[in-house]
Amino acid sequence: MSAPSSRTHDLAIRRAELAPQRVFQAIGLVALVLPLLLLAFLFGSSLVDAWPRLDWDFLTAFPSRKPALAGILPALVGTTCLMGLTAAIAIPVGLGAALYLEEYARPSRLTMLIELNISTLAGVPSIIYGLLGLEVFARVLGMGRSLLTGACTLALLLLPMVIMASREALRTVPQSLREASYALGADKWRTLRGVVLPMCLPGVLTGVILSLARAIGETAPLITIGALTYVAFLPDSVHSEFTALPIQIFNWVSRPQAGFHVNAAAGIVVLVGLMLLLNGFAIWLRARLQRRVYW
Amino acid sequence: MDTVLAAPTPTPRPSGGLPSPTTTAGERAAALAAADAVARPTEKMSAHDLHAWFGKAEALKGITLPLLERRVTAIIGPSGCGKSTFVRCLNRMHEVVPGARVAGRVLLDGQDVYASQVNPVRVRRRVGMVFQKPNPFPTMSIRENTLAGLRLGGEKAPDPAGLAEKALRQAALWDEVKDILGRSGSGLSGGQQQRLCIARALALEPEVLLMDEPCSALDPIATARIEELIHGLRERYTIVIVTHNMQQAARVADYTAFFHLGELVEYDRTDVLFTRPSRQRTEDYITGRFG
């Protein structure tokens, strides 16, 4: 910096004042870049390992004892069905619970307790849900190790997240629009259906898809309820036994042959790709629906 | 209650029959009100000892006020005087707010809208409302917004397109939107949005139209259009308009009620209230000594 030569020197930048800002900026940048680099490294090394196995055959073949012939078709189909079923269970139940808590429940000790429990449940380890699913769905309700058991268990795991996302979305609908609807002689149910739900749909769906993207990688609860690790058939109904991508990957990783490790890497790439696809779909859907919600 | 109400018995003014074409809106209103003194219109609605609370705070302290059929009644008063609360009690919108409570009677064609067997939804179907801030539904097009009352009420219109056109014409919006009916209502200007909200209320063919400061979010030109519209609507509807703008009350209303601190201070023909108020508080307010 030049020596103060005019009356404006009081206003000039001083290095000592800038230093802390620069330091904080640097720390922030490192905190941002480090996890991204790690992630890129992980995904990159998986991609490099997986490259020789990533072809159409890998996606369309059944598992095999020979690594070079093994494919992930049952796992891919299993995961897809599992996600679809999970969404079909979690959306109506989660949205219904959110609607009740947000629109109907009067503030009371009981609702406070329920709310507290929902946020606590969101933090419960997923294996606990697996144990619950094993006991309640597989044994007591006699659904066995079926797709339905898996979907119910995962839906349970997602419910707290779906409920919280839906409540958040419901809260964004301004009171003035509800009043406008009431003033037109609409009752509560028609107001919810005609005004509130169409407006909060993008938020609800985004929340659901993002939580599905998390659930797609869940392994522990599926192993607990007894999803199969070696499946040479495709699920033909919701009562059918199944496997899923993370389980297939887990199975391959634990094999001694190097060839299966390549398969595991390829499975990881497919799983991550599927997850990114789901996230992309969520973004696209939100943009599309929000264009319909004219502000 | 030390309020002036019941039949306003204004000093008879020589009314020269039909107003001449050059008369102003105010003079027209005065002539109409003078004619009312001879043959008083029926009370479309009336409040009797109406109290309203928000939690423990009493917002209305016993209001008794008639709303004459096919007349425009303005409610004026400083902020917080209870004028908005009063109109929200007329169509049972006050109770929508958590913790809000009402006591007293509100008659619509002689029927108490607060009677226990009354469904508030049916009251609101007959007593339409326009809010302070234009609030078209963001998920609906202009046409859907116009017909929203029917759709939300689960009613089927025999001729939806014709009904939408009629309502939009009544709200003096048709010419501006007839080519963009499928577009969003939120793309319109504030004044157009407010007229869309008026059209939405009119499409239900209500008997009473409550307007809660309908122009306070609008510029003077949009305000003038809404006021013009009110002049046209008075022939078919009983209109209650809340306003903090005294000039507006003088321009559009046949009768004016002055509220202060949750009480009705004075109710009279608009011209009388603004030129010869009988209570000191009214005079202080309209001459700008407080408020």
# chains A, B, ... in the order shown; residues from 1 in each chain; ligands from 1

$ interface_residues --of "chain A" --to "chain B" --cutoff "8 Å" --atoms "only C-alpha atoms" --output "ChimeraX atom specification"
/A:176-177,179-187,190-191,194-195,198-199,292-295

$ residues_around --residues "segment 60-77 of chain A" --least-positions-apart "3" --cutoff "7 Å" --atoms "only C-alpha atoms" --output "list in words"
Trp56, Asp57, Thr80, Cys81, Tyr230, Val231, Ala232, Phe233, Leu234, Thr243, Ala244, Leu245, Gln248, Gly259 and Phe260 of chain A

$ select_by_dssp --residues "segment 60-255 of chain B" --states "strand (DSSP E or B)" --output "ChimeraX atom specification"
/B:60-68,72-76,100-108,111-112,127-130,141,184,208-212,238-242,255

$ write_last_selection --atoms "N, CA and C atoms" --output "short mmCIF file (atom, residue, chain, number, x, y, z; two decimals), in the first residue's frame"
data_model
loop_
_atom_site.label_atom_id
_atom_site.label_comp_id
_atom_site.auth_asym_id
_atom_site.auth_seq_id
_atom_site.Cartn_x
_atom_site.Cartn_y
_atom_site.Cartn_z
N LEU B 60 -64.28 -6.04 19.17
CA LEU B 60 -65.57 -5.36 18.96
C LEU B 60 -66.33 -5.38 20.27
N LYS B 61 -66.83 -4.21 20.65
CA LYS B 61 -67.47 -4.11 21.97
C LYS B 61 -68.94 -3.79 21.84
N GLY B 62 -69.68 -4.69 21.19
CA GLY B 62 -71.12 -4.47 21.12
C GLY B 62 -71.52 -3.55 20.00
N ILE B 63 -71.44 -4.06 18.77
CA ILE B 63 -71.80 -3.26 17.60
C ILE B 63 -73.23 -3.59 17.20
N THR B 64 -74.05 -2.54 17.01
CA THR B 64 -75.38 -2.73 16.45
C THR B 64 -75.47 -1.83 15.23
N LEU B 65 -75.66 -2.44 14.07
CA LEU B 65 -75.56 -1.67 12.83
C LEU B 65 -76.37 -2.34 11.74
N PRO B 66 -77.21 -1.57 11.03
CA PRO B 66 -77.94 -2.15 9.89
C PRO B 66 -77.14 -2.02 8.60
N LEU B 67 -77.32 -2.96 7.69
CA LEU B 67 -76.70 -2.86 6.37
C LEU B 67 -77.85 -2.93 5.37
N LEU B 68 -78.14 -1.80 4.73
CA LEU B 68 -79.35 -1.69 3.93
C LEU B 68 -79.16 -2.34 2.56
N VAL B 72 -74.51 1.00 -0.51
CA VAL B 72 -73.11 0.82 -0.15
C VAL B 72 -72.92 1.42 1.24
N THR B 73 -72.46 0.60 2.17
CA THR B 73 -72.18 1.08 3.51
C THR B 73 -70.67 1.06 3.70
N ALA B 74 -70.11 2.20 4.06
CA ALA B 74 -68.67 2.25 4.31
C ALA B 74 -68.42 2.18 5.81
N ILE B 75 -67.36 1.48 6.17
CA ILE B 75 -66.93 1.43 7.57
C ILE B 75 -65.60 2.16 7.62
N ILE B 76 -65.56 3.27 8.36
CA ILE B 76 -64.30 4.00 8.46
C ILE B 76 -63.85 4.02 9.92
N ALA B 100 -60.02 -16.92 17.97
CA ALA B 100 -61.00 -15.84 17.77
C ALA B 100 -62.38 -16.31 18.22
N ARG B 101 -63.19 -15.36 18.73
CA ARG B 101 -64.49 -15.73 19.29
C ARG B 101 -65.47 -14.60 19.00
N VAL B 102 -66.73 -14.95 18.87
CA VAL B 102 -67.77 -13.97 18.55
C VAL B 102 -68.95 -14.18 19.50
N ALA B 103 -69.60 -13.08 19.89
CA ALA B 103 -70.87 -13.18 20.61
C ALA B 103 -71.80 -12.12 20.05
N GLY B 104 -73.09 -12.37 20.12
CA GLY B 104 -74.05 -11.43 19.57
C GLY B 104 -74.71 -12.03 18.36
N ARG B 105 -75.51 -11.22 17.68
CA ARG B 105 -76.25 -11.76 16.55
C ARG B 105 -75.93 -11.00 15.28
N VAL B 106 -75.89 -11.73 14.18
CA VAL B 106 -75.79 -11.12 12.85
C VAL B 106 -76.93 -11.70 12.03
N LEU B 107 -77.82 -10.84 11.56
CA LEU B 107 -78.96 -11.35 10.79
C LEU B 107 -78.71 -11.18 9.30
N LEU B 108 -79.03 -12.22 8.56
CA LEU B 108 -79.03 -12.15 7.11
C LEU B 108 -80.44 -12.50 6.68
N GLN B 111 -82.36 -14.09 9.43
CA GLN B 111 -81.87 -15.33 10.02
C GLN B 111 -80.54 -15.08 10.71
N ASP B 112 -80.37 -15.59 11.90
CA ASP B 112 -79.12 -15.39 12.62
C ASP B 112 -78.03 -16.31 12.06
N VAL B 127 -72.68 -14.50 1.18
CA VAL B 127 -72.04 -13.23 1.54
C VAL B 127 -70.59 -13.30 1.05
N GLY B 128 -70.34 -12.72 -0.11
CA GLY B 128 -69.01 -12.79 -0.72
C GLY B 128 -68.05 -11.82 -0.08
N MET B 129 -66.75 -12.04 -0.34
CA MET B 129 -65.76 -11.19 0.31
C MET B 129 -64.57 -10.93 -0.61
N VAL B 130 -64.10 -9.70 -0.57
CA VAL B 130 -62.89 -9.33 -1.30
C VAL B 130 -61.90 -8.81 -0.27
N SER B 141 -55.65 -20.77 -13.65
CA SER B 141 -55.63 -19.76 -14.69
C SER B 141 -56.67 -18.69 -14.37
N SER B 184 -51.99 -17.38 -16.26
CA SER B 184 -52.02 -17.24 -14.80
C SER B 184 -52.62 -15.90 -14.38
N VAL B 208 -74.63 -10.31 -0.76
CA VAL B 208 -73.90 -9.24 -0.09
C VAL B 208 -72.44 -9.36 -0.50
N LEU B 209 -71.79 -8.22 -0.72
CA LEU B 209 -70.38 -8.24 -1.05
C LEU B 209 -69.62 -7.43 0.00
N LEU B 210 -68.73 -8.11 0.72
CA LEU B 210 -67.91 -7.43 1.73
C LEU B 210 -66.57 -7.11 1.11
N MET B 211 -66.13 -5.87 1.25
CA MET B 211 -64.84 -5.49 0.68
C MET B 211 -63.99 -4.91 1.79
N ASP B 212 -62.92 -5.62 2.11
CA ASP B 212 -62.06 -5.22 3.22
C ASP B 212 -60.87 -4.43 2.70
N THR B 238 -75.79 -5.71 -2.09
CA THR B 238 -75.60 -4.96 -0.86
C THR B 238 -74.10 -4.98 -0.59
N ILE B 239 -73.51 -3.80 -0.52
CA ILE B 239 -72.05 -3.75 -0.44
C ILE B 239 -71.62 -3.11 0.88
N VAL B 240 -70.64 -3.74 1.51
CA VAL B 240 -70.03 -3.16 2.71
C VAL B 240 -68.56 -2.98 2.38
N ILE B 241 -68.07 -1.77 2.50
CA ILE B 241 -66.67 -1.53 2.17
C ILE B 241 -65.96 -0.92 3.37
N VAL B 242 -64.87 -1.58 3.76
CA VAL B 242 -64.03 -1.05 4.83
C VAL B 242 -62.98 -0.19 4.18
N TYR B 255 -74.11 5.13 2.93
CA TYR B 255 -74.13 5.25 4.39
C TYR B 255 -72.73 5.01 4.91
#

$ closest_residue --among "B:Thr223, B:Ala52, B:Leu229, B:Thr146" --to "Leu196 of chain B" --atoms "only C-alpha atoms"
B:Thr146

$ atom_distance --atom1 "atom CA of Phe250 of chain A" --atom2 "atom CA of Pro160 of chain A"
26.6 Å

$ select_by_dssp --residues "segment 95-234 of chain B" --states "alpha helix (DSSP H)" --output "PDB file with C-alpha atoms, in the first residue's frame"
ATOM      1  CA  PRO B 120     -70.787 -21.169   7.945  1.00  0.00           C
ATOM      2  CA  VAL B 121     -70.016 -22.482   4.456  1.00  0.00           C
ATOM      3  CA  ARG B 122     -73.561 -21.603   3.357  1.00  0.00           C
ATOM      4  CA  VAL B 123     -73.307 -18.139   4.860  1.00  0.00           C
ATOM      5  CA  ARG B 124     -70.114 -17.454   2.953  1.00  0.00           C
ATOM      6  CA  ARG B 125     -71.716 -18.711  -0.218  1.00  0.00           C
ATOM      7  CA  ARG B 126     -74.286 -15.889   0.038  1.00  0.00           C
ATOM      8  CA  ILE B 142     -57.706 -16.580 -15.001  1.00  0.00           C
ATOM      9  CA  ARG B 143     -60.747 -18.591 -16.098  1.00  0.00           C
ATOM     10  CA  GLU B 144     -60.281 -21.160 -13.337  1.00  0.00           C
ATOM     11  CA  ASN B 145     -59.878 -18.363 -10.801  1.00  0.00           C
ATOM     12  CA  THR B 146     -63.133 -16.790 -11.911  1.00  0.00           C
ATOM     13  CA  ALA B 148     -63.014 -21.167  -8.406  1.00  0.00           C
ATOM     14  CA  GLY B 149     -65.950 -20.600  -6.054  1.00  0.00           C
ATOM     15  CA  LEU B 150     -68.107 -23.083  -7.926  1.00  0.00           C
ATOM     16  CA  ARG B 151     -65.336 -25.632  -8.292  1.00  0.00           C
ATOM     17  CA  LEU B 152     -64.287 -25.402  -4.661  1.00  0.00           C
ATOM     18  CA  PRO B 160     -68.999 -22.205 -17.298  1.00  0.00           C
ATOM     19  CA  ALA B 161     -67.628 -20.134 -20.181  1.00  0.00           C
ATOM     20  CA  GLY B 162     -70.672 -17.857 -20.164  1.00  0.00           C
ATOM     21  CA  LEU B 163     -70.593 -17.510 -16.395  1.00  0.00           C
ATOM     22  CA  ALA B 164     -66.901 -16.638 -16.409  1.00  0.00           C
ATOM     23  CA  GLU B 165     -67.489 -14.010 -19.089  1.00  0.00           C
ATOM     24  CA  LYS B 166     -70.432 -12.540 -17.200  1.00  0.00           C
ATOM     25  CA  ALA B 167     -68.514 -12.300 -13.947  1.00  0.00           C
ATOM     26  CA  LEU B 168     -65.452 -10.824 -15.642  1.00  0.00           C
ATOM     27  CA  ARG B 169     -67.646  -8.283 -17.430  1.00  0.00           C
ATOM     28  CA  GLN B 170     -69.320  -7.316 -14.164  1.00  0.00           C
ATOM     29  CA  TRP B 174     -63.318  -8.888 -19.508  1.00  0.00           C
ATOM     30  CA  ASP B 175     -61.829  -6.677 -22.230  1.00  0.00           C
ATOM     31  CA  GLU B 176     -58.396  -6.845 -20.651  1.00  0.00           C
ATOM     32  CA  VAL B 177     -58.250 -10.615 -20.168  1.00  0.00           C
ATOM     33  CA  GLY B 190     -52.377  -5.502  -8.825  1.00  0.00           C
ATOM     34  CA  GLY B 191     -55.536  -3.681  -9.865  1.00  0.00           C
ATOM     35  CA  GLN B 192     -56.431  -6.367 -12.397  1.00  0.00           C
ATOM     36  CA  GLN B 193     -55.801  -9.065  -9.802  1.00  0.00           C
ATOM     37  CA  GLN B 194     -58.147  -7.315  -7.409  1.00  0.00           C
ATOM     38  CA  ARG B 195     -60.839  -7.109 -10.087  1.00  0.00           C
ATOM     39  CA  LEU B 196     -60.234 -10.801 -10.780  1.00  0.00           C
ATOM     40  CA  CYS B 197     -60.901 -11.451  -7.097  1.00  0.00           C
ATOM     41  CA  ILE B 198     -64.083  -9.378  -7.369  1.00  0.00           C
ATOM     42  CA  ALA B 199     -65.120 -11.391 -10.437  1.00  0.00           C
ATOM     43  CA  ARG B 200     -64.397 -14.571  -8.497  1.00  0.00           C
ATOM     44  CA  ALA B 201     -66.738 -13.401  -5.732  1.00  0.00           C
ATOM     45  CA  LEU B 202     -69.412 -12.214  -8.201  1.00  0.00           C
ATOM     46  CA  PRO B 220     -54.832   5.753  -7.620  1.00  0.00           C
ATOM     47  CA  ILE B 221     -55.794   4.732 -11.160  1.00  0.00           C
ATOM     48  CA  ALA B 222     -56.602   1.155 -10.158  1.00  0.00           C
ATOM     49  CA  THR B 223     -58.445   2.550  -7.132  1.00  0.00           C
ATOM     50  CA  ALA B 224     -60.571   4.756  -9.382  1.00  0.00           C
ATOM     51  CA  ARG B 225     -61.485   1.727 -11.501  1.00  0.00           C
ATOM     52  CA  ILE B 226     -62.568  -0.278  -8.473  1.00  0.00           C
ATOM     53  CA  GLU B 227     -64.640   2.651  -7.196  1.00  0.00           C
ATOM     54  CA  GLU B 228     -66.283   2.976 -10.590  1.00  0.00           C
ATOM     55  CA  LEU B 229     -67.014  -0.710 -10.427  1.00  0.00           C
ATOM     56  CA  ILE B 230     -68.642  -0.340  -7.004  1.00  0.00           C
ATOM     57  CA  HIS B 231     -70.939   2.333  -8.444  1.00  0.00           C
ATOM     58  CA  GLY B 232     -72.094  -0.181 -11.017  1.00  0.00           C
ATOM     59  CA  LEU B 233     -72.492  -3.046  -8.557  1.00  0.00           C
TER      60      LEU B 233
END

$ residues_around --residues "Glu69 of chain B" --least-positions-apart "2" --cutoff "7 Å" --atoms "only C-alpha atoms" --output "ChimeraX atom specification"
/B:41-44,67,71,238

$ closest_atom_pairs --of "segment 157-242 of chain A" --to "segment 127-145 of chain A" --cutoff "9 Å" --atoms "only C-alpha atoms" --output "CSV"
residue,atom,partner,partner_atom,distance
A:Leu157,CA,A:Tyr129,CA,6.3
A:Thr219,CA,A:Ile127,CA,8.6
A:Ala220,CA,A:Ile127,CA,5.2
A:Pro221,CA,A:Gly130,CA,3.7
A:Leu222,CA,A:Gly130,CA,6.5
A:Ile223,CA,A:Gly130,CA,7.7
A:Thr224,CA,A:Gly130,CA,5.3
A:Ile225,CA,A:Leu134,CA,4.7
A:Gly226,CA,A:Arg145,CA,5.6
A:Ala227,CA,A:Arg145,CA,6.0
A:Leu228,CA,A:Arg145,CA,8.3
A:His239,CA,A:Met143,CA,7.1
A:Ser240,CA,A:Arg145,CA,8.0
A:Glu241,CA,A:Arg145,CA,5.9
A:Phe242,CA,A:Arg145,CA,7.8

$ write_last_selection --atoms "C-alpha atoms" --output "PDB file, in the first residue's frame"
ATOM      1  CA  LEU A 157     -37.756 -45.544   7.671  1.00  0.00           C
ATOM      2  CA  THR A 219     -28.558 -52.121   3.240  1.00  0.00           C
ATOM      3  CA  ALA A 220     -28.866 -52.847   6.922  1.00  0.00           C
ATOM      4  CA  PRO A 221     -32.667 -53.039   7.201  1.00  0.00           C
ATOM      5  CA  LEU A 222     -32.910 -55.218   4.110  1.00  0.00           C
ATOM      6  CA  ILE A 223     -30.314 -57.630   5.384  1.00  0.00           C
ATOM      7  CA  THR A 224     -32.111 -57.759   8.717  1.00  0.00           C
ATOM      8  CA  ILE A 225     -35.425 -58.669   7.170  1.00  0.00           C
ATOM      9  CA  GLY A 226     -33.669 -61.332   5.128  1.00  0.00           C
ATOM     10  CA  ALA A 227     -33.483 -60.127   1.554  1.00  0.00           C
ATOM     11  CA  LEU A 228     -31.684 -62.766  -0.492  1.00  0.00           C
ATOM     12  CA  HIS A 239     -45.013 -61.414  -2.118  1.00  0.00           C
ATOM     13  CA  SER A 240     -41.996 -62.609  -4.043  1.00  0.00           C
ATOM     14  CA  GLU A 241     -38.552 -62.823  -2.461  1.00  0.00           C
ATOM     15  CA  PHE A 242     -36.070 -60.330  -3.774  1.00  0.00           C
TER      16      PHE A 242
END

$ residues_around --residues "Thr172 of chain A" --least-positions-apart "4" --cutoff "9 Å" --atoms "only C-alpha atoms" --output "list in words"
Arg167, Glu168, Met199 and Cys200 of chain A

$ residues_around --residues "Tyr285 of chain B" --least-positions-apart "2" --cutoff "12 Å" --atoms "only C-alpha atoms" --output "ChimeraX atom specification"
/B:76-79,244-246,258-260,265-266,273-274,277,279-283,287-291
